[in-house]
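Engineer: Quick one, start29.cif (mmCIF, C-alpha atoms):
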```cif
data_entry
#
loop_
_atom_site.label_atom_id
_atom_site.label_comp_id
_atom_site.auth_asym_id
_atom_site.auth_seq_id
_atom_site.Cartn_x
_atom_site.Cartn_y
_atom_site.Cartn_z
CA MET J 20 -23.68 -19.39 -27.15
CA THR J 21 -24.76 -16.05 -28.55
CA PRO J 22 -27.90 -16.51 -30.70
CA GLN J 23 -27.78 -15.37 -34.30
CA ALA J 24 -30.66 -13.05 -33.57
CA ASP J 25 -28.56 -10.86 -31.29
CA ALA J 26 -26.31 -9.67 -34.11
CA ASN J 27 -28.46 -6.56 -34.53
CA LEU J 28 -29.42 -5.92 -30.92
CA SER J 29 -31.00 -2.51 -30.52
CA LYS J 30 -29.22 0.03 -28.39
CA ILE J 31 -31.99 0.03 -25.82
CA THR J 32 -31.68 -3.74 -25.37
CA VAL J 33 -27.95 -3.77 -24.74
CA GLU J 34 -28.28 -0.85 -22.32
CA THR J 35 -30.95 -2.76 -20.40
CA SER J 36 -28.66 -5.80 -20.32
CA ALA J 37 -26.01 -3.55 -18.78
CA LEU J 38 -28.57 -2.25 -16.31
CA VAL J 39 -29.39 -5.79 -15.12
CA GLN J 40 -25.71 -6.56 -14.64
CA HIS J 41 -25.19 -3.36 -12.68
CA PHE J 42 -28.20 -4.08 -10.50
CA LEU J 43 -26.88 -7.52 -9.57
CA LEU J 44 -23.44 -6.05 -8.86
CA LEU J 45 -25.12 -3.57 -6.54
CA GLN J 46 -26.53 -6.52 -4.58
CA GLY J 47 -23.03 -7.98 -4.15
CA ALA J 48 -22.80 -10.27 -7.19
CA LYS J 49 -19.49 -10.99 -8.94
CA TYR J 50 -18.80 -11.93 -12.53
CA ALA J 51 -18.32 -15.65 -13.10
CA SER J 52 -17.65 -15.34 -16.84
CA ARG J 53 -15.51 -13.01 -18.91
CA ALA J 54 -16.53 -10.72 -21.74
CA SER J 55 -14.46 -8.14 -23.56
CA GLU J 56 -15.01 -4.45 -23.01
CA ALA J 57 -16.44 -4.18 -26.51
CA ASP J 58 -19.20 -6.78 -26.19
CA TRP J 59 -20.02 -7.24 -22.49
CA LYS J 60 -23.49 -5.75 -23.02
CA ARG J 61 -24.24 -7.89 -26.07
CA VAL J 62 -23.31 -11.43 -25.07
CA PRO J 63 -24.61 -13.82 -22.39
CA VAL J 64 -22.90 -13.05 -19.09
CA LEU J 65 -22.81 -15.22 -15.95
CA LEU J 66 -22.82 -13.65 -12.48
CA GLN J 67 -22.62 -15.32 -9.07
CA VAL J 68 -25.05 -13.88 -6.52
CA PRO J 69 -23.94 -14.45 -2.88
CA PRO J 70 -26.32 -15.85 -0.24
CA ASP J 71 -26.21 -12.68 1.86
CA ASN J 72 -26.97 -10.27 -1.00
CA ALA J 73 -28.58 -6.91 -0.30
CA GLY J 74 -31.69 -7.53 -2.42
CA ALA J 75 -32.66 -10.93 -0.95
CA LEU J 76 -32.26 -12.45 -4.41
CA PRO J 77 -31.88 -16.22 -4.94
CA PRO J 78 -28.18 -17.02 -4.51
CA GLY J 79 -26.21 -18.87 -7.17
CA ALA J 80 -25.46 -18.41 -10.85
CA TRP J 81 -27.49 -15.87 -12.83
CA LEU J 82 -27.29 -15.80 -16.63
CA ILE J 83 -28.07 -12.49 -18.35
CA LEU J 84 -29.14 -13.11 -21.95
CA PRO J 85 -29.70 -10.10 -24.26
CA TRP J 86 -31.85 -11.11 -27.23
CA GLU J 87 -33.82 -8.58 -29.22
CA ALA J 88 -36.78 -10.64 -30.37
CA PRO J 89 -36.55 -14.43 -29.86
CA SER J 90 -39.34 -16.72 -30.96
CA ILE J 91 -40.53 -19.52 -28.69
CA ASP J 92 -38.84 -22.14 -30.86
CA GLN J 93 -35.55 -20.23 -30.99
CA PHE J 94 -35.51 -19.73 -27.25
CA HIS J 95 -36.40 -23.39 -26.61
CA ALA J 96 -33.56 -24.51 -28.87
CA TRP J 97 -31.18 -22.17 -27.07
CA LEU J 98 -32.20 -23.52 -23.66
CA GLN J 99 -31.35 -27.02 -24.82
CA ARG J 100 -27.74 -25.85 -25.16
CA LEU J 101 -27.51 -24.79 -21.51
CA PRO J 102 -25.51 -27.91 -20.53
CA GLU J 103 -22.66 -26.49 -22.64
CA LEU J 104 -22.16 -23.82 -20.00
CA PRO J 105 -19.51 -24.57 -17.36
CA VAL J 106 -22.06 -23.71 -14.66
CA LYS J 107 -25.79 -24.29 -14.88
CA PRO J 108 -27.59 -21.05 -13.99
CA ARG J 109 -30.21 -20.96 -11.28
CA VAL J 110 -31.84 -17.85 -12.77
CA LEU J 111 -31.95 -16.76 -16.40
CA VAL J 112 -32.78 -13.14 -17.18
CA LEU J 113 -33.93 -12.73 -20.79
CA VAL J 114 -33.59 -9.12 -21.93
CA MET J 115 -35.76 -8.31 -24.96
CA ALA J 116 -36.56 -5.15 -26.90
CA ALA J 117 -40.26 -6.07 -26.71
CA PRO J 118 -42.20 -8.48 -24.49
CA VAL J 119 -42.58 -11.19 -27.13
CA LEU J 120 -42.39 -14.04 -24.58
CA ARG J 121 -44.85 -13.49 -21.76
CA THR J 122 -45.21 -14.94 -18.26
CA ALA J 123 -47.07 -18.15 -19.16
CA VAL J 124 -44.55 -19.15 -21.82
CA LEU J 125 -41.60 -18.40 -19.56
CA ALA J 126 -43.18 -20.39 -16.71
CA THR J 127 -43.60 -23.42 -18.96
CA LEU J 128 -40.00 -23.27 -20.16
CA ALA J 129 -38.74 -22.71 -16.62
CA ALA J 130 -40.51 -25.86 -15.41
CA GLU J 131 -39.14 -27.88 -18.33
CA PHE J 132 -35.52 -26.84 -17.83
CA GLY J 133 -35.46 -26.55 -14.05
CA LEU J 134 -34.57 -22.91 -13.55
CA GLU J 135 -36.21 -19.56 -12.93
CA ILE J 136 -36.69 -17.34 -15.99
CA VAL J 137 -37.37 -13.63 -15.80
CA GLY J 138 -38.26 -11.59 -18.88
CA ILE J 139 -37.15 -7.97 -19.06
CA SER J 140 -38.79 -5.68 -21.60
CA SER J 141 -36.52 -2.85 -22.65
CA VAL J 142 -39.36 -0.90 -24.20
CA ASP J 143 -41.78 -0.66 -21.26
CA GLN J 144 -39.13 -1.29 -18.57
CA ALA J 145 -41.05 -4.16 -17.02
CA ALA J 146 -39.95 -7.41 -15.41
CA TYR J 147 -42.21 -10.44 -15.48
CA GLY J 148 -42.13 -14.23 -15.33
CA ALA J 149 -40.61 -15.82 -12.22
CA ARG J 150 -41.55 -14.85 -8.68
CA ILE J 151 -38.44 -12.71 -8.34
CA ALA J 152 -39.56 -10.42 -11.19
CA GLU J 153 -40.94 -7.90 -8.70
CA ARG J 154 -37.52 -7.58 -7.04
CA LEU J 155 -35.85 -6.96 -10.39
CA GLN J 156 -38.44 -4.31 -11.17
CA ALA J 157 -36.76 -2.22 -8.47
CA MET J 158 -33.79 -1.58 -10.75
CA PHE J 159 -35.87 0.84 -12.81
CA GLU J 160 -36.64 3.04 -9.79
CA PRO J 161 -34.88 6.44 -9.75
CA GLU J 162 -33.21 5.90 -6.39
CA THR J 163 -31.73 2.61 -7.61
CA LEU J 164 -30.46 4.17 -10.82
CA ALA J 165 -28.72 6.83 -8.75
CA GLN J 166 -26.78 4.13 -6.89
CA LEU J 167 -25.71 2.22 -9.98
CA GLN J 168 -23.21 4.85 -11.09
CA LYS J 169 -20.92 3.71 -8.23
CA VAL J 170 -20.99 -0.02 -8.99
CA ASN J 171 -18.40 -0.93 -11.59
CA PRO J 172 -15.34 1.16 -12.47
CA LEU J 173 -14.84 -0.61 -15.81
CA GLU J 174 -18.17 -0.23 -17.51
CA HIS J 175 -20.23 2.45 -19.16
CA LEU J 176 -23.97 2.58 -18.60
CA GLN J 177 -25.71 5.29 -20.58
CA GLY J 178 -26.98 8.12 -18.39
CA LEU J 179 -24.94 7.04 -15.36
CA GLY J 180 -21.53 8.44 -16.31
CA ASP J 181 -19.06 7.17 -18.87
CA SER J 182 -16.25 5.25 -17.18
CA ARG J 183 -14.07 6.16 -20.16
CA ASN J 184 -13.93 9.51 -18.38
CA PRO J 185 -10.95 9.26 -15.97
CA ASP J 186 -12.79 11.11 -13.19
CA VAL J 187 -15.73 8.71 -13.37
CA PHE J 188 -13.38 5.73 -13.66
CA PHE J 189 -11.46 6.59 -10.48
CA ASP J 190 -14.64 7.54 -8.62
CA ARG J 191 -16.14 4.12 -9.35
CA LEU J 192 -12.85 2.42 -8.56
CA ARG J 193 -12.83 4.07 -5.13
CA HIS J 194 -16.30 2.69 -4.46
CA THR J 195 -15.38 -0.79 -5.70
CA GLU J 196 -12.14 -1.08 -3.73
CA ARG J 197 -12.89 0.81 -0.53
CA GLY J 198 -9.87 2.12 1.33
CA THR J 199 -6.16 1.45 0.98
CA PRO J 200 -5.24 -0.22 4.30
CA VAL J 201 -1.92 -1.69 3.10
CA THR J 202 -0.70 1.74 2.05
CA GLN J 203 -1.64 3.12 5.46
CA VAL J 204 0.10 0.23 7.25
CA LEU J 205 3.30 0.73 5.22
CA ILE J 206 3.34 4.44 6.01
CA ALA J 207 2.71 3.69 9.69
CA LEU J 208 5.55 1.13 9.79
CA ASN J 209 7.99 3.59 8.25
CA ALA J 210 6.93 6.27 10.71
CA LEU J 211 7.16 3.87 13.66
CA VAL J 212 10.71 2.78 12.75
CA PHE J 213 11.70 6.43 12.36
CA LEU J 214 10.32 7.30 15.82
CA VAL J 215 12.01 4.31 17.46
CA MET J 216 15.37 5.36 15.99
CA ILE J 217 15.20 8.90 17.36
CA ALA J 218 16.09 8.03 20.98
CA PRO J 219 19.46 6.32 20.26
CA ALA J 220 20.27 9.04 17.70
CA VAL J 221 19.66 11.82 20.22
CA THR J 222 21.74 9.93 22.78
CA LEU J 223 24.66 9.75 20.33
CA PHE J 224 24.40 13.46 19.58
CA GLN J 225 24.31 14.21 23.30
CA GLN J 226 27.46 12.17 23.82
CA ALA J 227 29.16 13.87 20.87
CA LEU J 228 28.28 17.29 22.21
CA ALA J 229 29.51 16.36 25.66
CA ALA J 230 32.88 15.53 24.14
CA GLN J 231 33.03 19.11 22.84
CA PRO J 232 32.46 21.25 25.94
CA GLU J 233 33.06 24.52 24.13
CA VAL J 234 30.08 23.70 21.87
CA ALA J 235 27.87 21.98 24.39
CA SER J 236 28.14 24.50 27.16
CA LEU J 237 27.34 27.40 24.84
CA GLY J 238 29.79 29.43 26.93
CA HIS J 239 28.06 28.76 30.27
CA GLY J 240 29.81 25.55 31.34
CA GLN J 241 26.56 23.53 31.14
CA SER J 242 26.20 19.93 29.95
CA PRO J 243 24.34 19.46 26.67
CA ASP J 244 20.65 18.84 27.30
CA LEU J 245 18.29 16.58 25.34
CA LEU J 246 16.71 19.50 23.52
CA THR J 247 20.06 20.62 22.15
CA ALA J 248 20.84 17.06 21.08
CA PHE J 249 17.40 16.73 19.47
CA PHE J 250 17.91 19.88 17.44
CA ALA J 251 21.24 18.47 16.34
CA PHE J 252 19.41 15.35 15.13
CA VAL J 253 16.81 17.43 13.27
CA GLN J 254 19.58 19.34 11.55
CA ASN J 255 21.85 16.39 10.71
CA GLY J 256 19.65 13.30 10.56
CA PHE J 257 20.58 9.89 11.90
CA PRO J 258 24.27 9.12 12.59
CA VAL J 259 25.77 6.30 10.55
CA PRO J 260 26.14 3.98 13.60
CA VAL J 261 22.38 4.21 14.26
CA LEU J 262 21.55 3.49 10.61
CA LYS J 263 23.79 0.42 10.67
CA GLN J 264 22.39 -0.72 14.01
CA PHE J 265 18.81 -0.69 12.76
CA GLY J 266 19.46 -2.47 9.47
CA ALA J 267 20.86 -0.18 6.79
CA ASN J 268 22.02 -1.86 3.61
CA VAL J 269 25.82 -1.95 4.06
CA ALA J 270 27.82 -4.10 1.64
CA ALA J 271 30.31 -5.19 4.32
CA LEU J 272 27.41 -6.51 6.41
CA THR J 273 24.71 -7.49 3.91
CA SER J 274 27.07 -9.43 1.64
CA GLY J 275 30.25 -9.61 3.70
CA GLN J 276 28.56 -11.08 6.79
CA HIS J 277 25.59 -12.66 4.95
CA GLN J 278 22.99 -10.44 6.65
CA ALA J 279 20.46 -10.67 3.82
CA TRP J 280 17.65 -9.44 6.10
CA ARG J 281 19.04 -5.93 5.60
CA LEU J 282 17.82 -6.00 1.98
CA LEU J 283 14.24 -5.57 3.20
CA VAL J 284 14.69 -3.86 6.57
CA CYS J 285 16.66 -0.98 5.05
CA THR J 286 13.58 0.03 3.04
CA PHE J 287 11.83 1.02 6.29
CA ILE J 288 14.74 3.20 7.49
CA HIS J 289 15.24 6.84 6.49
CA ALA J 290 18.19 9.16 6.92
CA ASN J 291 16.34 12.28 8.08
CA LEU J 292 12.99 14.06 8.31
CA LEU J 293 13.02 15.34 4.73
CA HIS J 294 13.91 11.86 3.44
CA ILE J 295 10.95 10.13 5.09
CA ALA J 296 8.56 13.00 4.37
CA MET J 297 9.25 12.87 0.62
CA ASN J 298 9.09 9.08 0.39
CA MET J 299 5.86 8.83 2.41
CA TRP J 300 4.24 11.58 0.37
CA VAL J 301 4.99 9.72 -2.87
CA LEU J 302 3.99 6.37 -1.31
CA ARG J 303 0.63 7.77 -0.28
CA SER J 304 0.03 9.28 -3.73
CA LEU J 305 0.99 6.15 -5.69
CA GLY J 306 -0.40 3.69 -3.16
CA GLN J 307 -3.96 4.98 -3.37
CA THR J 308 -4.03 4.03 -7.04
CA ALA J 309 -1.74 0.99 -7.06
CA GLU J 310 -3.46 -0.79 -4.17
CA ARG J 311 -6.85 -0.47 -5.86
CA PHE J 312 -5.43 -1.70 -9.17
CA PHE J 313 -3.53 -4.71 -7.80
CA GLY J 314 -5.52 -5.69 -4.73
CA ARG J 315 -4.02 -5.80 -1.25
CA VAL J 316 -1.90 -8.96 -1.45
CA ALA J 317 -0.41 -8.19 -4.85
CA PHE J 318 0.15 -4.54 -3.96
CA ALA J 319 2.09 -5.43 -0.79
CA SER J 320 4.08 -7.96 -2.82
CA VAL J 321 4.99 -5.45 -5.54
CA TYR J 322 6.14 -2.97 -2.90
CA LEU J 323 8.25 -5.41 -0.88
CA LEU J 324 9.72 -7.20 -3.89
CA ALA J 325 10.68 -3.87 -5.47
CA GLY J 326 12.29 -2.78 -2.21
CA ILE J 327 14.42 -5.93 -2.13
CA GLY J 328 15.26 -5.63 -5.82
CA GLY J 329 16.34 -2.04 -5.28
CA SER J 330 18.58 -3.07 -2.37
CA ILE J 331 20.27 -5.77 -4.48
CA ALA J 332 20.85 -3.30 -7.31
CA SER J 333 22.28 -0.85 -4.77
CA LEU J 334 24.80 -3.49 -3.70
CA ALA J 335 25.74 -4.16 -7.30
CA PHE J 336 26.08 -0.59 -8.59
CA THR J 337 26.36 1.84 -5.67
CA LEU J 338 27.75 0.18 -2.55
CA ARG J 339 30.37 -2.00 -4.18
CA ALA J 340 32.89 0.85 -4.25
CA SER J 341 32.07 1.90 -0.65
CA PRO J 342 31.45 -1.29 1.35
CA ASN J 343 30.90 0.58 4.65
CA MET J 344 28.53 3.23 3.33
CA PRO J 345 24.88 2.75 4.44
CA SER J 346 21.98 2.87 2.00
CA VAL J 347 18.48 3.39 3.41
CA GLY J 348 15.02 4.48 2.37
CA ALA J 349 11.80 3.38 0.73
CA SER J 350 12.61 5.05 -2.57
CA GLY J 351 13.48 1.75 -4.28
CA ALA J 352 10.09 0.34 -3.26
CA VAL J 353 8.35 3.58 -4.26
CA PHE J 354 10.04 3.47 -7.67
CA GLY J 355 8.80 -0.12 -7.82
CA LEU J 356 5.20 1.06 -7.40
CA MET J 357 5.62 3.39 -10.34
CA GLY J 358 7.14 0.55 -12.36
CA GLY J 359 4.32 -1.73 -11.21
CA LEU J 360 1.67 0.75 -12.37
CA LEU J 361 3.42 0.97 -15.72
CA GLY J 362 3.50 -2.83 -15.98
CA PHE J 363 -0.18 -2.97 -15.06
CA ALA J 364 -1.07 -0.35 -17.66
CA LEU J 365 0.81 -2.18 -20.41
CA SER J 366 -0.69 -5.57 -19.59
CA ARG J 367 -4.26 -4.25 -19.07
CA ARG J 368 -4.28 -1.31 -21.44
CA HIS J 369 -7.78 -2.18 -22.69
CA ALA J 370 -9.21 -2.37 -19.17
CA VAL J 371 -8.58 1.28 -18.31
CA PRO J 372 -9.60 4.48 -20.11
CA ARG J 373 -7.22 5.59 -22.82
CA GLU J 374 -6.54 8.85 -20.97
CA VAL J 375 -5.68 6.91 -17.79
CA PHE J 376 -3.31 4.63 -19.70
CA ARG J 377 -1.55 7.57 -21.32
CA GLY J 378 -1.41 9.38 -18.00
CA LEU J 379 0.21 6.40 -16.26
CA VAL J 380 2.84 6.05 -18.98
CA ARG J 381 3.54 9.78 -19.03
CA SER J 382 3.77 9.96 -15.22
CA ALA J 383 6.08 6.94 -15.07
CA VAL J 384 8.46 8.38 -17.69
CA THR J 385 8.46 11.86 -16.11
CA PHE J 386 8.83 10.58 -12.55
CA THR J 387 11.69 8.27 -13.50
CA ALA J 388 13.56 10.81 -15.62
CA LEU J 389 13.37 13.60 -13.04
CA ASN J 390 14.40 11.42 -10.11
CA LEU J 391 17.26 9.74 -11.95
CA ALA J 392 18.50 13.16 -13.08
CA LEU J 393 18.32 14.38 -9.48
CA GLY J 394 20.14 11.25 -8.33
CA SER J 395 22.92 11.89 -10.82
CA ALA J 396 23.34 15.44 -9.52
CA VAL J 397 23.23 14.60 -5.78
CA ALA J 398 25.87 12.14 -4.59
CA SER J 399 23.86 10.98 -1.55
CA ILE J 400 20.97 9.68 -3.70
CA ASP J 401 21.20 5.98 -4.54
CA ASN J 402 20.20 5.66 -8.19
CA GLY J 403 21.11 1.99 -8.15
CA ALA J 404 18.26 1.32 -5.72
CA HIS J 405 15.91 3.43 -7.82
CA ILE J 406 16.66 1.57 -11.05
CA GLY J 407 16.56 -1.84 -9.37
CA GLY J 408 13.23 -1.06 -7.70
CA LEU J 409 11.76 0.27 -10.93
CA ILE J 410 12.71 -2.84 -12.94
CA THR J 411 11.58 -5.26 -10.21
CA GLY J 412 8.30 -3.42 -9.76
CA PHE J 413 7.66 -3.36 -13.49
CA LEU J 414 8.16 -7.11 -13.77
CA ALA J 415 5.99 -7.76 -10.71
CA GLY J 416 3.32 -5.44 -12.08
CA LEU J 417 3.19 -7.34 -15.36
CA LEU J 418 2.92 -10.72 -13.65
CA LEU J 419 0.51 -9.71 -10.86
CA SER J 420 -1.87 -7.53 -12.85
CA ARG J 421 -5.53 -8.51 -12.82
CA ASP J 422 -8.92 -7.63 -14.20
CA LEU J 423 -10.42 -5.02 -11.91
CA PRO J 424 -13.33 -6.05 -9.65
CA PRO J 425 -16.03 -7.13 -9.92
CA ALA J 426 -14.53 -9.17 -12.76
CA PRO J 427 -13.37 -12.69 -11.78
CA GLN J 428 -10.14 -12.55 -9.79
CA PRO J 429 -7.09 -14.80 -10.27
CA PRO J 430 -6.85 -17.60 -7.69
CA LEU J 431 -4.61 -16.97 -4.70
CA TRP J 432 -2.36 -19.93 -5.54
CA ARG J 433 -1.50 -18.39 -8.90
CA ARG J 434 -0.44 -15.13 -7.32
CA LEU J 435 1.51 -16.93 -4.61
CA THR J 436 3.31 -18.91 -7.31
CA VAL J 437 4.32 -15.69 -9.09
CA ILE J 438 5.50 -14.18 -5.80
CA ALA J 439 7.52 -17.31 -4.95
CA CYS J 440 9.18 -17.24 -8.39
CA MET J 441 10.04 -13.56 -7.97
CA ILE J 442 11.59 -14.25 -4.55
CA ALA J 443 13.63 -17.09 -6.03
CA LEU J 444 14.84 -14.82 -8.85
CA LEU J 445 15.87 -12.13 -6.36
CA ALA J 446 17.65 -14.73 -4.24
CA VAL J 447 19.69 -15.81 -7.27
CA CYS J 448 20.53 -12.17 -8.06
CA PHE J 449 21.66 -11.57 -4.47
CA TYR J 450 23.81 -14.70 -4.56
CA LEU J 451 25.49 -13.62 -7.80
CA VAL J 452 26.03 -10.04 -6.59
CA SER J 453 27.44 -11.20 -3.25
CA ASN J 454 29.83 -13.65 -4.87
CA ARG J 455 31.03 -10.97 -7.25
CA MET J 456 31.63 -8.53 -4.39
CA LEU J 457 33.46 -11.09 -2.28
CA ALA J 458 35.60 -12.35 -5.16
#
```
Would you mind writing the file out in structure tokens?
Structural biologist:
Amino acid sequence: MTPQADANLSKITVETSALVQHFLLLQGAKYASRASEADWKRVPVLLQVPPDNAGALPPGAWLILPWEAPSIDQFHAWLQRLPELPVKPRVLVLVMAAPVLRTAVLATLAAEFGLEIVGISSVDQAAYGARIAERLQAMFEPETLAQLQKVNPLEHLQGLGDSRNPDVFFDRLRHTERGTPVTQVLIALNALVFLVMIAPAVTLFQQALAAQPEVASLGHGQSPDLLTAFFAFVQNGFPVPVLKQFGANVAALTSGQHQAWRLLVCTFIHANLLHIAMNMWVLRSLGQTAERFFGRVAFASVYLLAGIGGSIASLAFTLRASPNMPSVGASGAVFGLMGGLLGFALSRRHAVPREVFRGLVRSAVTFTALNLALGSAVASIDNGAHIGGLITGFLAGLLLSRDLPPAPQPPLWRRLTVIACMIALLAVCFYLVSNRMLA
């Protein structure tokens, strides 16, 4: 529905159109229509203003129409095409390079078509027409302009910071998606499981030391105390029986005794202090970006699915030869987050700055190469879980990627369908791996 007249929109007009959009976003509005990054300032854009918006604006659909210099007849003909829109707007904001259509004309057209029409003049920065024009005039005030730079992480508004700059992009993204609660919860769960496991581990070390009086007594004939046993735990990590007791991925149990719950539980168990410290440090670093990119539900799904995928790959490639060896740790899920970010970047490469896209790809390749090389050199590192988590996370990232807010978000049912299909695929993989191991 873009008028022919907007083919040569002046720069000042399209920037004012962007300003109107940013102002509505600042009041809590969300996009109800899609426009590409290249033309979002130049084409009609529909936004949905919520009832409880910060500026006390009329709730409902608002249509922003940039048009350099429409005549009355052209604008009237355009309004007659409004029924072609999927949603009839309650308010139409006409952005013009010059105030060619004044208040009286706009009032007449508004009464004829049953909506409020506000004219915005890009030249003199004035709003006029409907009763709400005075409220829109506030967007030209300096204090309002200062706030607009934190509204939308995807868009560039001249004078407010180019979101093609990675620093500006991430700063706006932090303001759009406040906090990363899922990341914090995952870190807390891992830490809680680790703390709960310490008591039985220390007890086992105390019993082991008691069975070796010459070590436990330290030459004084004393029984081993809890502090000595605790230091033994700090030095050696969790004993294998404790890891198995709490849910380590052990082929003889996970596949042999059909304890599939271990596929997920093992991702919250760590072998020692260094193990959990490294994984939680990486989880915190990746999670702060990934959770904002994916949204909370999809982010949690990518993490958990990748953890399960890593555990299945561990059974297939690492644990098959040692059916009683435990595999634990969140590294498969963490690798999945890196794979998910790579999948997101590839599927939404035009929605993020070029430098951010290149940085994500470069980080993913470097992170994967270094860790797989380390895993090849250290026998205790489970590269099978790493590769499985990376592949699962990449696939989940592709399928669960989204346009970043405040763009329209995919419906929950669509994401739940993707998650259900991923779970079904992992279930089939586990079935095939288990049958192969038991054959």
Engineer: Specify as a ChimeraX atom specification each residue included when the PyMOL selection byres ((chain J and resi 265-278) around 8) is applied to this file.
Structural biologist: /J:216,261-264,279-282,284-285,288,330,334,338-339,341-347,453,456-457
Engineer: How about saving the chosen residues, C-alpha atoms kept, as a PDB file, keeping the file's coordinate frame?
Structural biologist:
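To be explicit, this is the file written out as part17.pdb:
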```
ATOM      1  CA  MET J 216      15.370   5.360  15.990  1.00  0.00           C
ATOM      2  CA  VAL J 261      22.380   4.210  14.260  1.00  0.00           C
ATOM      3  CA  LEU J 262      21.550   3.490  10.610  1.00  0.00           C
ATOM      4  CA  LYS J 263      23.790   0.420  10.670  1.00  0.00           C
ATOM      5  CA  GLN J 264      22.390  -0.720  14.010  1.00  0.00           C
ATOM      6  CA  ALA J 279      20.460 -10.670   3.820  1.00  0.00           C
ATOM      7  CA  TRP J 280      17.650  -9.440   6.100  1.00  0.00           C
ATOM      8  CA  ARG J 281      19.040  -5.930   5.600  1.00  0.00           C
ATOM      9  CA  LEU J 282      17.820  -6.000   1.980  1.00  0.00           C
ATOM     10  CA  VAL J 284      14.690  -3.860   6.570  1.00  0.00           C
ATOM     11  CA  CYS J 285      16.660  -0.980   5.050  1.00  0.00           C
ATOM     12  CA  ILE J 288      14.740   3.200   7.490  1.00  0.00           C
ATOM     13  CA  SER J 330      18.580  -3.070  -2.370  1.00  0.00           C
ATOM     14  CA  LEU J 334      24.800  -3.490  -3.700  1.00  0.00           C
ATOM     15  CA  LEU J 338      27.750   0.180  -2.550  1.00  0.00           C
ATOM     16  CA  ARG J 339      30.370  -2.000  -4.180  1.00  0.00           C
ATOM     17  CA  SER J 341      32.070   1.900  -0.650  1.00  0.00           C
ATOM     18  CA  PRO J 342      31.450  -1.290   1.350  1.00  0.00           C
ATOM     19  CA  ASN J 343      30.900   0.580   4.650  1.00  0.00           C
ATOM     20  CA  MET J 344      28.530   3.230   3.330  1.00  0.00           C
ATOM     21  CA  PRO J 345      24.880   2.750   4.440  1.00  0.00           C
ATOM     22  CA  SER J 346      21.980   2.870   2.000  1.00  0.00           C
ATOM     23  CA  VAL J 347      18.480   3.390   3.410  1.00  0.00           C
ATOM     24  CA  SER J 453      27.440 -11.200  -3.250  1.00  0.00           C
ATOM     25  CA  MET J 456      31.630  -8.530  -4.390  1.00  0.00           C
ATOM     26  CA  LEU J 457      33.460 -11.090  -2.280  1.00  0.00           C
TER      27      LEU J 457
END
```
Engineer: With the PyMOL selection byres ((chain J and resi 395-412) around 6) as the selection, what would be picked from this file? Answer as a PDB file with C-alpha atoms, keeping the file's coordinate frame, please.
Structural biologist:
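Final file, selection-v1.pdb:
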```
ATOM      1  CA  VAL J 321       4.990  -5.450  -5.540  1.00  0.00           C
ATOM      2  CA  ALA J 325      10.680  -3.870  -5.470  1.00  0.00           C
ATOM      3  CA  GLY J 326      12.290  -2.780  -2.210  1.00  0.00           C
ATOM      4  CA  GLY J 328      15.260  -5.630  -5.820  1.00  0.00           C
ATOM      5  CA  GLY J 329      16.340  -2.040  -5.280  1.00  0.00           C
ATOM      6  CA  SER J 330      18.580  -3.070  -2.370  1.00  0.00           C
ATOM      7  CA  ALA J 332      20.850  -3.300  -7.310  1.00  0.00           C
ATOM      8  CA  SER J 333      22.280  -0.850  -4.770  1.00  0.00           C
ATOM      9  CA  PHE J 336      26.080  -0.590  -8.590  1.00  0.00           C
ATOM     10  CA  THR J 337      26.360   1.840  -5.670  1.00  0.00           C
ATOM     11  CA  GLY J 351      13.480   1.750  -4.280  1.00  0.00           C
ATOM     12  CA  ALA J 352      10.090   0.340  -3.260  1.00  0.00           C
ATOM     13  CA  PHE J 354      10.040   3.470  -7.670  1.00  0.00           C
ATOM     14  CA  GLY J 355       8.800  -0.120  -7.820  1.00  0.00           C
ATOM     15  CA  LEU J 356       5.200   1.060  -7.400  1.00  0.00           C
ATOM     16  CA  GLY J 358       7.140   0.550 -12.360  1.00  0.00           C
ATOM     17  CA  GLY J 359       4.320  -1.730 -11.210  1.00  0.00           C
ATOM     18  CA  ALA J 392      18.500  13.160 -13.080  1.00  0.00           C
ATOM     19  CA  LEU J 393      18.320  14.380  -9.480  1.00  0.00           C
ATOM     20  CA  GLY J 394      20.140  11.250  -8.330  1.00  0.00           C
ATOM     21  CA  PHE J 413       7.660  -3.360 -13.490  1.00  0.00           C
ATOM     22  CA  LEU J 414       8.160  -7.110 -13.770  1.00  0.00           C
ATOM     23  CA  ALA J 415       5.990  -7.760 -10.710  1.00  0.00           C
ATOM     24  CA  GLY J 416       3.320  -5.440 -12.080  1.00  0.00           C
TER      25      GLY J 416
END
```
Engineer: Starting from the point (-40.8, -11.3, -7.9), work out which residues of protein, DNA or RNA have an atom no more than 12 Å away when counting all atoms listed in the file; state them as a PyMOL selection string.
Structural biologist: chain J and resi 74-77+122+135-138+145-157
Engineer: I'd like the neighbourhood of Phe159 of chain J as a list of chain:residue names, where a residue qualifies if any of its atoms comes within 12 Å (using all atoms listed in the file), though same-chain residues fewer than 6 positions away should be ignored.
Structural biologist: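 Returned residues: J:Thr35, J:Leu38, J:Val39, J:His41, J:Phe42, J:Ile139, J:Ser140, J:Ser141, J:Asp143, J:Gln144, J:Ala145, J:Ala146, J:Ala152, J:Glu153, J:Ala165, J:Gln166, J:Leu167.
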Engineer: If I take atom CA of Pro70 of chain J and atom CA of Phe313 of chain J, how far is one from the other in Å, to one decimal?
Structural biologist: 26.5 Å
Engineer: Might you spell out which residues the PyMOL selection byres ((chain J and resi 209) around 9) would select in the displayed file, as a list of chain:residue names?
Structural biologist: J:Val204, J:Leu205, J:Ile206, J:Ala207, J:Leu208, J:Ala210, J:Leu211, J:Val212, J:Phe213, J:Leu214, J:Thr286, J:Phe287, J:Ile288, J:His289, J:Ile295, J:Met299, J:Ala349
